[in-house]
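So this one's protein28.txt, compact mmCIF, C-alpha atoms:
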# COMPACT_ATOMS: atom_id res chain seq x y z
CA LYS A 980 0.00 0.00 0.00
CA GLU A 981 1.19 3.51 -0.82
CA PRO A 982 1.52 5.97 2.10
CA PHE A 983 -1.02 8.77 2.35
CA ALA A 984 1.25 11.35 3.98
CA SER A 985 4.84 12.42 4.60
CA GLU A 986 6.66 15.67 5.30
CA THR A 987 6.19 16.72 1.65
CA PHE A 988 2.63 15.62 0.82
CA ALA A 989 -0.70 14.55 2.26
CA MET A 990 -3.96 13.06 0.97
CA LEU A 991 -7.28 13.16 2.75
CA THR A 992 -10.89 12.38 1.90
CA GLN A 993 -14.12 12.98 3.79
CA GLN A 994 -17.48 11.61 2.71
CA GLY A 995 -20.24 14.19 2.48
CA LYS A 996 -23.29 13.50 4.59
CA SER A 997 -25.51 13.86 1.52
CA HIS A 998 -23.90 10.80 -0.11
CA THR A 999 -24.34 7.09 0.61
CA GLU A 1000 -20.95 6.47 -1.08
CA ASN A 1001 -17.82 8.58 -1.12
CA GLN A 1002 -17.48 9.22 -4.86
CA ASP A 1003 -14.05 10.89 -4.67
CA ARG A 1004 -10.77 9.15 -5.39
CA ALA A 1005 -7.19 10.47 -5.25
CA LEU A 1006 -3.63 9.33 -5.81
CA PHE A 1007 -0.07 10.48 -5.25
CA LEU A 1008 2.94 8.60 -6.62
CA SER A 1009 6.51 9.81 -6.10
CA PRO A 1010 8.67 9.11 -7.91
CA PHE A 1011 6.42 8.36 -10.86
CA ARG A 1012 8.59 5.96 -12.81
CA ILE A 1013 7.70 5.39 -16.44
CA GLY A 1014 10.23 2.58 -16.91
CA ILE A 1015 12.27 3.83 -19.87
CA ARG A 1016 15.07 1.38 -20.72
CA ASP A 1017 17.97 1.68 -23.12
CA THR A 1018 19.10 -0.92 -25.63
CA GLY A 1019 21.06 -2.67 -22.87
CA LYS A 1020 17.85 -3.19 -20.89
CA GLU A 1021 19.08 -0.84 -18.17
CA GLU A 1022 16.63 1.73 -16.84
CA VAL A 1023 17.49 5.17 -18.16
CA GLU A 1024 18.19 7.97 -15.69
CA SER A 1025 14.96 9.80 -14.83
CA PRO A 1026 14.33 13.27 -13.39
CA LEU A 1027 12.52 14.30 -10.23
CA SER A 1028 8.92 13.26 -10.77
CA PHE A 1029 5.54 12.80 -9.15
CA LEU A 1030 1.92 12.24 -10.14
CA ALA A 1031 -0.96 13.73 -8.13
CA ALA A 1032 -4.60 13.41 -9.15
CA ILE A 1033 -8.19 13.89 -8.05
CA PHE A 1034 -11.14 12.02 -9.56
CA ASP A 1035 -14.58 13.16 -8.34
CA GLY A 1036 -17.41 10.83 -9.34
CA HIS A 1037 -20.99 11.83 -10.11
CA GLY A 1038 -24.15 10.03 -11.15
CA VAL A 1039 -25.59 6.74 -9.95
CA LEU A 1040 -22.33 4.83 -10.44
CA GLY A 1041 -19.91 7.72 -10.18
CA HIS A 1042 -17.98 6.07 -7.37
CA LEU A 1043 -17.32 3.04 -9.59
CA VAL A 1044 -16.20 5.22 -12.49
CA ALA A 1045 -13.78 7.10 -10.22
CA GLN A 1046 -12.48 3.82 -8.79
CA GLU A 1047 -11.87 2.37 -12.25
CA VAL A 1048 -10.14 5.55 -13.39
CA VAL A 1049 -7.83 5.78 -10.35
CA GLU A 1050 -6.77 2.16 -10.94
CA GLN A 1051 -6.20 2.47 -14.69
CA PHE A 1052 -4.82 5.99 -15.08
CA PRO A 1053 -1.23 5.63 -13.72
CA GLU A 1054 -0.35 2.55 -15.78
CA ARG A 1055 -1.88 4.00 -18.93
CA LEU A 1056 -0.05 7.29 -18.46
CA ALA A 1057 3.28 5.56 -17.82
CA THR A 1058 2.93 3.57 -21.05
CA ASN A 1059 1.98 6.62 -23.10
CA LEU A 1060 4.78 8.72 -21.62
CA ARG A 1061 7.31 5.96 -22.24
CA ASN A 1062 6.36 5.87 -25.90
CA ALA A 1063 6.22 9.66 -26.17
CA VAL A 1064 9.70 10.52 -24.90
CA ARG A 1065 11.79 7.78 -26.49
CA HIS A 1066 12.87 10.15 -29.29
CA SER A 1067 14.29 12.60 -26.75
CA ILE A 1068 16.57 9.97 -25.24
CA SER A 1069 18.08 8.98 -28.57
CA ASN A 1070 18.48 12.57 -29.81
CA SER A 1071 19.94 14.28 -26.77
CA GLN A 1072 22.96 14.26 -24.49
CA GLY A 1073 22.89 14.57 -20.70
CA GLN A 1074 19.59 15.38 -19.05
CA TRP A 1075 17.27 14.49 -21.93
CA TRP A 1076 14.13 15.47 -19.99
CA GLU A 1077 15.09 19.16 -20.13
CA ASP A 1078 14.51 19.17 -23.90
CA ASP A 1079 11.64 21.56 -24.60
CA ARG A 1080 10.50 19.27 -27.39
CA ASN A 1081 9.21 16.96 -24.67
CA ASP A 1082 6.37 19.36 -23.93
CA ALA A 1083 4.30 18.51 -26.99
CA ALA A 1084 4.95 14.78 -26.51
CA ILE A 1085 3.96 14.83 -22.85
CA ILE A 1086 0.85 16.92 -23.53
CA ALA A 1087 -0.13 14.39 -26.20
CA ALA A 1088 0.49 11.50 -23.76
CA LEU A 1089 -1.71 13.09 -21.11
CA ASN A 1090 -4.44 13.77 -23.64
CA GLU A 1091 -4.25 10.22 -24.98
CA THR A 1092 -4.46 8.79 -21.46
CA PHE A 1093 -7.65 10.70 -20.67
CA ILE A 1094 -9.22 9.53 -23.94
CA GLN A 1095 -8.12 5.90 -23.51
CA VAL A 1096 -9.28 5.58 -19.91
CA ASN A 1097 -12.63 7.03 -20.94
CA ASN A 1098 -13.08 4.91 -24.07
CA GLU A 1099 -12.02 1.66 -22.42
CA GLY A 1100 -14.23 1.95 -19.37
CA SER A 1101 -16.77 -0.67 -18.33
CA PRO A 1102 -19.88 0.07 -20.46
CA LYS A 1103 -22.49 -0.39 -17.74
CA THR A 1104 -20.55 1.78 -15.33
CA PHE A 1105 -19.52 4.52 -17.74
CA LEU A 1106 -23.12 4.85 -19.03
CA LEU A 1107 -24.47 5.45 -15.53
CA GLY A 1108 -21.79 7.68 -14.10
CA GLY A 1109 -18.78 9.87 -14.71
CA CYS A 1110 -15.95 11.61 -12.93
CA THR A 1111 -13.75 14.66 -13.13
CA ALA A 1112 -9.98 14.41 -13.45
CA SER A 1113 -7.46 16.98 -12.23
CA VAL A 1114 -3.95 15.63 -12.76
CA ALA A 1115 -0.57 17.20 -11.94
CA PHE A 1116 2.54 15.51 -13.35
CA ARG A 1117 5.99 16.80 -12.49
CA TYR A 1118 8.87 15.76 -14.72
CA GLY A 1119 12.18 17.46 -14.07
CA SER A 1120 11.74 21.22 -14.12
CA LYS A 1121 8.27 21.13 -15.71
CA LEU A 1122 4.87 20.74 -14.13
CA TYR A 1123 2.12 19.51 -16.45
CA VAL A 1124 -1.45 20.02 -15.23
CA ALA A 1125 -4.33 18.35 -17.08
CA ASN A 1126 -7.93 19.06 -16.13
CA ALA A 1127 -11.36 17.83 -17.20
CA GLY A 1128 -14.37 18.83 -15.11
CA ASP A 1129 -14.86 20.98 -12.04
CA SER A 1130 -12.16 19.62 -9.75
CA GLN A 1131 -9.20 21.99 -9.68
CA THR A 1132 -5.45 22.18 -9.09
CA ILE A 1133 -3.71 25.34 -7.91
CA LEU A 1134 -0.01 26.21 -7.54
CA VAL A 1135 0.90 28.35 -4.52
CA SER A 1136 4.05 30.33 -3.73
CA VAL A 1137 5.07 31.08 -0.14
CA ALA A 1138 7.31 33.97 0.91
CA THR A 1139 8.59 34.88 4.39
CA ASN A 1140 8.27 38.51 5.42
CA THR A 1141 11.60 39.71 6.85
CA ASN A 1142 9.89 42.73 8.38
CA ASN A 1143 7.07 41.47 10.55
CA LYS A 1144 6.07 44.85 11.95
CA GLY A 1145 2.37 45.06 11.24
CA ASN A 1146 2.65 42.44 8.50
CA PRO A 1147 1.80 38.72 8.36
CA PRO A 1148 4.89 36.55 9.02
CA PHE A 1149 4.52 35.00 5.58
CA THR A 1150 2.51 35.61 2.45
CA THR A 1151 1.04 33.26 -0.12
CA ASN A 1152 0.02 33.80 -3.71
CA VAL A 1153 -2.00 31.59 -6.04
CA GLU A 1154 0.30 31.52 -9.07
CA PHE A 1155 -1.81 29.23 -11.24
CA MET A 1156 -5.16 27.46 -11.17
CA THR A 1157 -7.02 25.26 -13.59
CA ARG A 1158 -10.38 26.30 -14.93
CA LYS A 1159 -13.65 24.70 -13.91
CA ASP A 1160 -15.00 23.26 -17.15
CA LYS A 1161 -18.60 24.45 -17.20
CA PRO A 1162 -21.21 24.70 -19.99
CA PHE A 1163 -21.53 28.49 -19.64
CA GLU A 1164 -17.94 29.03 -20.84
CA GLU A 1165 -18.11 30.35 -24.41
CA ASP A 1166 -15.77 27.75 -25.94
CA GLU A 1167 -17.51 24.89 -24.14
CA LYS A 1168 -20.98 26.18 -25.04
CA ALA A 1169 -20.01 26.53 -28.71
CA ARG A 1170 -18.67 22.97 -28.93
CA ILE A 1171 -21.69 21.41 -27.21
CA GLU A 1172 -24.24 23.32 -29.28
CA ARG A 1173 -22.30 22.58 -32.49
CA MET A 1174 -22.68 18.86 -31.71
CA GLY A 1175 -26.40 19.16 -31.05
CA GLY A 1176 -26.29 19.39 -27.26
CA LYS A 1177 -28.87 21.27 -25.24
CA ILE A 1178 -27.79 23.60 -22.45
CA HIS A 1179 -30.26 24.70 -19.80
CA VAL A 1180 -29.47 28.11 -18.33
CA LYS A 1181 -31.23 29.61 -15.33
CA PRO A 1182 -31.80 33.31 -16.14
CA ASP A 1183 -30.94 34.38 -12.60
CA HIS A 1184 -28.00 31.95 -12.24
CA PRO A 1185 -26.32 31.66 -15.67
CA ARG A 1186 -23.15 30.10 -14.22
CA GLU A 1187 -25.22 27.10 -13.11
CA ALA A 1188 -25.82 25.98 -16.71
CA ARG A 1189 -26.38 22.26 -17.32
CA VAL A 1190 -26.03 19.96 -20.34
CA VAL A 1191 -29.37 18.14 -20.60
CA VAL A 1192 -29.65 14.62 -22.05
CA HIS A 1193 -32.41 12.03 -21.93
CA SER A 1194 -30.45 9.01 -20.76
CA GLU A 1195 -31.57 5.71 -22.24
CA ALA A 1196 -29.41 3.86 -19.72
CA ALA A 1197 -30.98 5.62 -16.70
CA LYS A 1198 -34.44 6.04 -18.31
CA ASP A 1199 -34.46 9.63 -17.15
CA THR A 1200 -33.64 13.17 -18.27
CA ILE A 1201 -30.45 14.25 -16.52
CA ALA A 1202 -28.66 17.60 -16.39
CA LEU A 1203 -24.85 17.45 -16.18
CA ALA A 1204 -23.09 20.34 -14.45
CA MET A 1205 -19.81 20.15 -16.39
CA SER A 1206 -18.62 20.27 -19.98
CA ARG A 1207 -15.68 17.83 -19.70
CA SER A 1208 -15.51 14.52 -17.85
CA LEU A 1209 -14.55 10.87 -17.98
CA GLY A 1210 -17.50 8.53 -18.33
CA ASP A 1211 -20.93 10.09 -18.98
CA TRP A 1212 -20.89 8.25 -22.30
CA GLU A 1213 -24.31 9.44 -23.46
CA TRP A 1214 -23.10 13.04 -23.10
CA LYS A 1215 -20.04 12.39 -25.28
CA GLU A 1216 -22.31 12.37 -28.34
CA VAL A 1217 -23.35 15.96 -27.62
CA GLY A 1218 -19.97 17.50 -26.95
CA VAL A 1219 -19.10 16.76 -23.32
CA THR A 1220 -15.54 15.67 -24.03
CA ALA A 1221 -13.02 13.61 -22.08
CA GLU A 1222 -10.18 15.64 -23.59
CA PRO A 1223 -8.42 17.69 -20.90
CA ILE A 1224 -7.04 21.21 -20.98
CA VAL A 1225 -3.30 20.82 -20.38
CA SER A 1226 -1.07 23.59 -19.02
CA VAL A 1227 2.74 23.55 -18.78
CA ILE A 1228 4.50 25.39 -15.95
CA ASP A 1229 8.24 25.91 -16.31
CA LEU A 1230 9.65 25.82 -12.79
CA THR A 1231 12.91 27.41 -13.98
CA ASN A 1232 11.00 30.59 -14.78
CA PRO A 1233 12.28 33.43 -12.53
CA THR A 1234 8.82 33.59 -10.92
CA TYR A 1235 9.23 30.07 -9.57
CA LYS A 1236 12.96 29.25 -9.61
CA ASN A 1237 13.79 30.27 -6.04
CA ALA A 1238 10.27 30.22 -4.66
CA ASN A 1239 8.75 27.93 -2.05
CA LEU A 1240 5.97 26.18 -3.95
CA PHE A 1241 3.24 23.68 -3.23
CA LEU A 1242 0.15 22.54 -5.06
CA ILE A 1243 -3.37 21.69 -3.97
CA ALA A 1244 -5.52 19.36 -6.07
CA ALA A 1245 -9.05 19.04 -4.71
CA SER A 1246 -12.61 18.14 -5.56
CA ASP A 1247 -15.23 20.87 -5.79
CA GLY A 1248 -16.53 19.83 -2.38
CA MET A 1249 -13.56 21.74 -0.95
CA TRP A 1250 -13.26 24.61 -3.42
CA ASP A 1251 -16.96 25.49 -3.15
CA VAL A 1252 -16.84 26.26 0.58
CA ARG A 1253 -13.95 28.78 0.74
CA ARG A 1254 -11.82 30.88 -1.56
CA ARG A 1255 -8.63 29.41 -3.00
CA GLU A 1256 -6.58 32.07 -1.23
CA PHE A 1257 -7.87 30.84 2.13
CA PHE A 1258 -6.70 27.29 1.52
CA ALA A 1259 -3.39 28.50 0.09
CA HIS A 1260 -2.54 30.53 3.18
CA GLN A 1261 -3.74 27.98 5.71
CA LEU A 1262 -2.14 24.90 4.15
CA ALA A 1263 1.25 26.58 3.60
CA VAL A 1264 1.98 26.08 7.29
CA GLY A 1265 1.95 22.33 6.79
CA PHE A 1266 5.25 22.33 4.91
CA ASP A 1267 8.77 22.86 6.18
CA PHE A 1268 9.60 25.97 4.18
CA TRP A 1269 11.52 27.35 7.17
CA ASP A 1270 14.28 24.75 7.59
CA GLY A 1271 12.85 22.80 10.47
CA SER A 1272 10.84 25.35 12.39
CA ILE A 1273 8.10 27.81 11.62
CA PRO A 1274 9.19 31.38 12.41
CA SER A 1275 8.08 32.32 15.91
CA ALA A 1276 5.84 35.09 14.61
CA ALA A 1277 4.20 32.68 12.17
CA ASP A 1278 3.80 30.05 14.88
CA ALA A 1279 2.11 32.58 17.16
CA THR A 1280 -0.19 33.69 14.37
CA ILE A 1281 -1.16 30.09 13.63
CA LYS A 1282 -1.94 29.39 17.27
CA SER A 1283 -4.04 32.51 17.63
CA ILE A 1284 -6.02 31.76 14.47
CA ASN A 1285 -6.53 28.04 14.87
CA ASN A 1286 -6.15 27.52 18.60
CA VAL A 1287 -4.04 24.47 17.83
CA LYS A 1288 -0.32 23.69 18.09
CA MET A 1289 1.48 22.21 15.12
CA PRO A 1290 3.17 18.86 15.82
CA SER A 1291 6.95 18.92 16.16
CA ASN A 1292 7.26 15.84 13.92
CA LEU A 1293 7.61 17.32 10.42
CA LYS A 1294 6.21 14.15 8.84
CA LEU A 1295 2.88 14.81 10.54
CA ARG A 1296 2.52 18.47 9.63
CA PRO A 1297 0.98 18.27 6.12
CA ILE A 1298 -1.70 15.71 7.05
CA PHE A 1299 -2.31 17.39 10.42
CA LYS A 1300 -2.91 20.75 8.79
CA LEU A 1301 -5.02 19.34 5.96
CA HIS A 1302 -7.22 17.47 8.43
CA ASP A 1303 -7.54 20.58 10.58
CA ILE A 1304 -8.67 22.74 7.65
CA VAL A 1305 -11.17 20.20 6.31
CA GLN A 1306 -12.72 19.94 9.77
CA ARG A 1307 -12.88 23.72 10.11
CA VAL A 1308 -14.73 24.22 6.82
CA THR A 1309 -17.19 21.40 7.51
CA PRO A 1310 -20.32 22.65 9.32
CA LYS A 1311 -21.08 20.79 12.52
CA THR A 1312 -24.77 20.78 11.65
CA GLN A 1313 -25.82 19.85 8.13
CA THR A 1314 -28.03 22.33 6.32
CA GLY A 1315 -28.62 21.52 2.67
CA TYR A 1316 -26.34 19.52 0.39
CA ARG A 1317 -22.92 18.40 1.65
CA ASP A 1318 -20.47 17.08 -0.93
CA ASP A 1319 -17.49 14.79 -0.48
CA ILE A 1320 -14.20 16.63 0.14
CA THR A 1321 -10.92 15.22 -1.10
CA ALA A 1322 -7.54 16.92 -1.46
CA VAL A 1323 -3.91 16.20 -2.25
CA ILE A 1324 -1.27 18.74 -1.16
CA VAL A 1325 2.29 18.42 -2.46
CA GLN A 1326 5.48 20.41 -1.93
CA VAL A 1327 6.86 21.14 -5.41

Would you put the structure from the file into structure tokens?
Amino acid sequence: KEPFASETFAMLTQQGKSHTENQDRALFLSPFRIGIRDTGKEEVESPLSFLAAIFDGHGVLGHLVAQEVVEQFPERLATNLRNAVRHSISNSQGQWWEDDRNDAAIIAALNETFIQVNNEGSPKTFLLGGCTASVAFRYGSKLYVANAGDSQTILVSVATNTNNKGNPPFTTNVEFMTRKDKPFEEDEKARIERMGGKIHVKPDHPREARVVVHSEAAKDTIALAMSRSLGDWEWKEVGVTAEPIVSVIDLTNPTYKNANLFLIAASDGMWDVRRREFFAHQLAVGFDFWDGSIPSAADATIKSINNVKMPSNLKLRPIFKLHDIVQRVTPKTQTGYRDDITAVIVQV
């Protein structure tokens, strides 16, 4: 079994009280080895790597779709990446993974993996459910983020304030975040309508648009709240695509090169309850960006805000802080719908 926490990452899931099944799934693999071998059958040197992902199921069998995807995705991606980067190994000297030509190959491998996992799903399951996919893949000095649906991944920078007079002891900034793929977005709307799809828009809440399909499998008319997903096969015919939007972040860029960075990948059950900036600032404390100890001013601020003391064991800090925040944003008394909450936090 893979660990769910260390001093550099943590994963946590909490079932929403409105669900009979937790439909969220997550993974973190580090290093993420793709098994490239040279002609002598020796494994070729690989760069720093990891794979982090969130899959949030929806529909009657959404939990089974998410489970199938989390099991199939890593192996499929490793195979596609292995095939995609072989040319770079034979045509380069030294650290072949730093070749910018890898970007197009890796984007294509991610795209192909999303499509394959969707197309090769179990028919009964993938007709009666679907899931989002927010995937972050680090390979050397590049971070590739692929997203389909309304789960999101954000990249956060953390800076210590040297002058604490009247200022917070540290600051955080959301440097990047994936888009929520929704039917109201102009490009998504155009594609769906071009393929004959019907979008229902509430006049007073246009951002809550839905793609409406009469499902033969479910014998019901169902409105889907996203424009990209895995599964949801009956929606694929009307433009809800499994193809992700892939972004490439160059970590050697001056903005990131000497920065303290971490990412948060989470289901919408977390993002919908607080702003991204809130989670960025709160979860930064979970990582050892301060060489073994949080600055005293920061530690005092944390205690006064949370009324909790961070554990001295650095290996416990990320999961401790993630658990603390999830508990804090979860109402003690349920009023209305409560979604599953799942998150992966990773020091980059």

- Query: atom CA of Ala1031 of chain A and atom CA of Leu1006 of chain A, how far apart in Å?
  - Reply: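 Between atom CA of Leu1006 of chain A and atom CA of Ala1031 of chain A the gap works out to 5.6 Å.
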
- Skip Thr992 of chain A itself and residues of its chain fewer than 2 positions away, then list as a PyMOL selection string all residues within 10 Å of it, counting all atoms listed in the file. chain A and resi 990+994-995+1001-1005+1245-1246+1301-1302+1305+1319-1323

Centre, x/y/z edge lengths, axis-aligned box for segment 1033-1036 of chain A with 6 Å per side, as AutoDock Vina command-line options:
--center_x -12.8 --center_y 12.4 --center_z -8.8 --size_x 21.2 --size_y 15.1 --size_z 13.5

- Query: Which is closer to Arg1012 of chain A than all the others in A:Arg1117, A:Gln1051, A:Leu1106, A:Gln1046, using all atoms listed in the file?
  - Reply: A:Arg1117

- Message: Which residues are near Gly1175 of chain A? Cut-off 12 Å, all atoms listed in the file, ignore same chain within fewer than 5 positions. Put them as a ChimeraX atom specification.
- Response: /A:1168-1170,1190-1192,1214-1219

- Task: Just give me the gap between atom CA of Pro1223 of chain A and atom CA of His1260 of chain A in Å, one decimal is fine.
- Result: 27.9 Å

- Query: So how many Å separate atom CA of Glu1167 of chain A and atom CA of His1184 of chain A, to one decimal?
  - Reply: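 Calculated distance between atom CA of Glu1167 of chain A and atom CA of His1184 of chain A is 17.4 Å.
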
- Task: May I have the protein, DNA and RNA residues with an atom at most 9 Å from (-1.5, 14.9, 1.7), counting all atoms listed in the file in the file's coordinates, returned as a list in words?
- Result: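 These residues have at least one counted atom within 9 Å: Phe983, Ala984, Ser985, Glu986, Thr987, Phe988, Ala989, Met990, Leu991, Phe1007, Pro1297, Ile1298, Leu1301, Ala1322, Val1323, Ile1324 and Val1325 of chain A.
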
- Best match for closeness to Gln993 of chain A among A:Pro1233, A:Pro1162, A:Gly1315, A:Gly1248, counting only C-alpha atoms: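 Of A:Pro1233, A:Pro1162, A:Gly1315, A:Gly1248, the one nearest Gln993 of chain A is A:Gly1248, counting only C-alpha atoms.
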
- Message: Which residue is closest to Asn1232 of chain A? Choose from A:Leu1122, A:Pro1010, A:Glu1256, A:Val1096 and count only C-alpha atoms.
- Response: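 For Asn1232 of chain A, the nearest of the candidates is A:Leu1122.
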
- Given the choices A:Ala1259, A:Val1327, A:Val1044, A:Met1205, which gets closest to Lys1236 of chain A if the distance is worked out from only C-alpha atoms?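 Nearest candidate to Lys1236 of chain A out of A:Ala1259, A:Val1327, A:Val1044, A:Met1205: A:Val1327.
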
- Give the answer as one residue: which of A:Gly1038, A:Gly1100, A:Gly1176, A:Pro1182 has the shortest atom-to-atom distance to Glu1050 of chain A, using all atoms listed in the file? A:Gly1100

- Query: Of the candidates A:Cys1110, A:Ala1244, A:Val1225, A:Ala1197, which shows the shortest atom-to-atom distance to Glu1091 of chain A, using all atoms listed in the file?
  - Reply: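 Under the stated criterion, the closest residue is A:Val1225.
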
- Would you kindly return, as number ranges by chain, each protein, DNA or RNA residue with an atom no farther than 9 Å from any atom of Ala1125 of chain A, considering only C-alpha atoms and excluding same-chain residues fewer than 4 positions away? A: 1086, 1089-1090, 1112-1116, 1132, 1157, 1223-1227
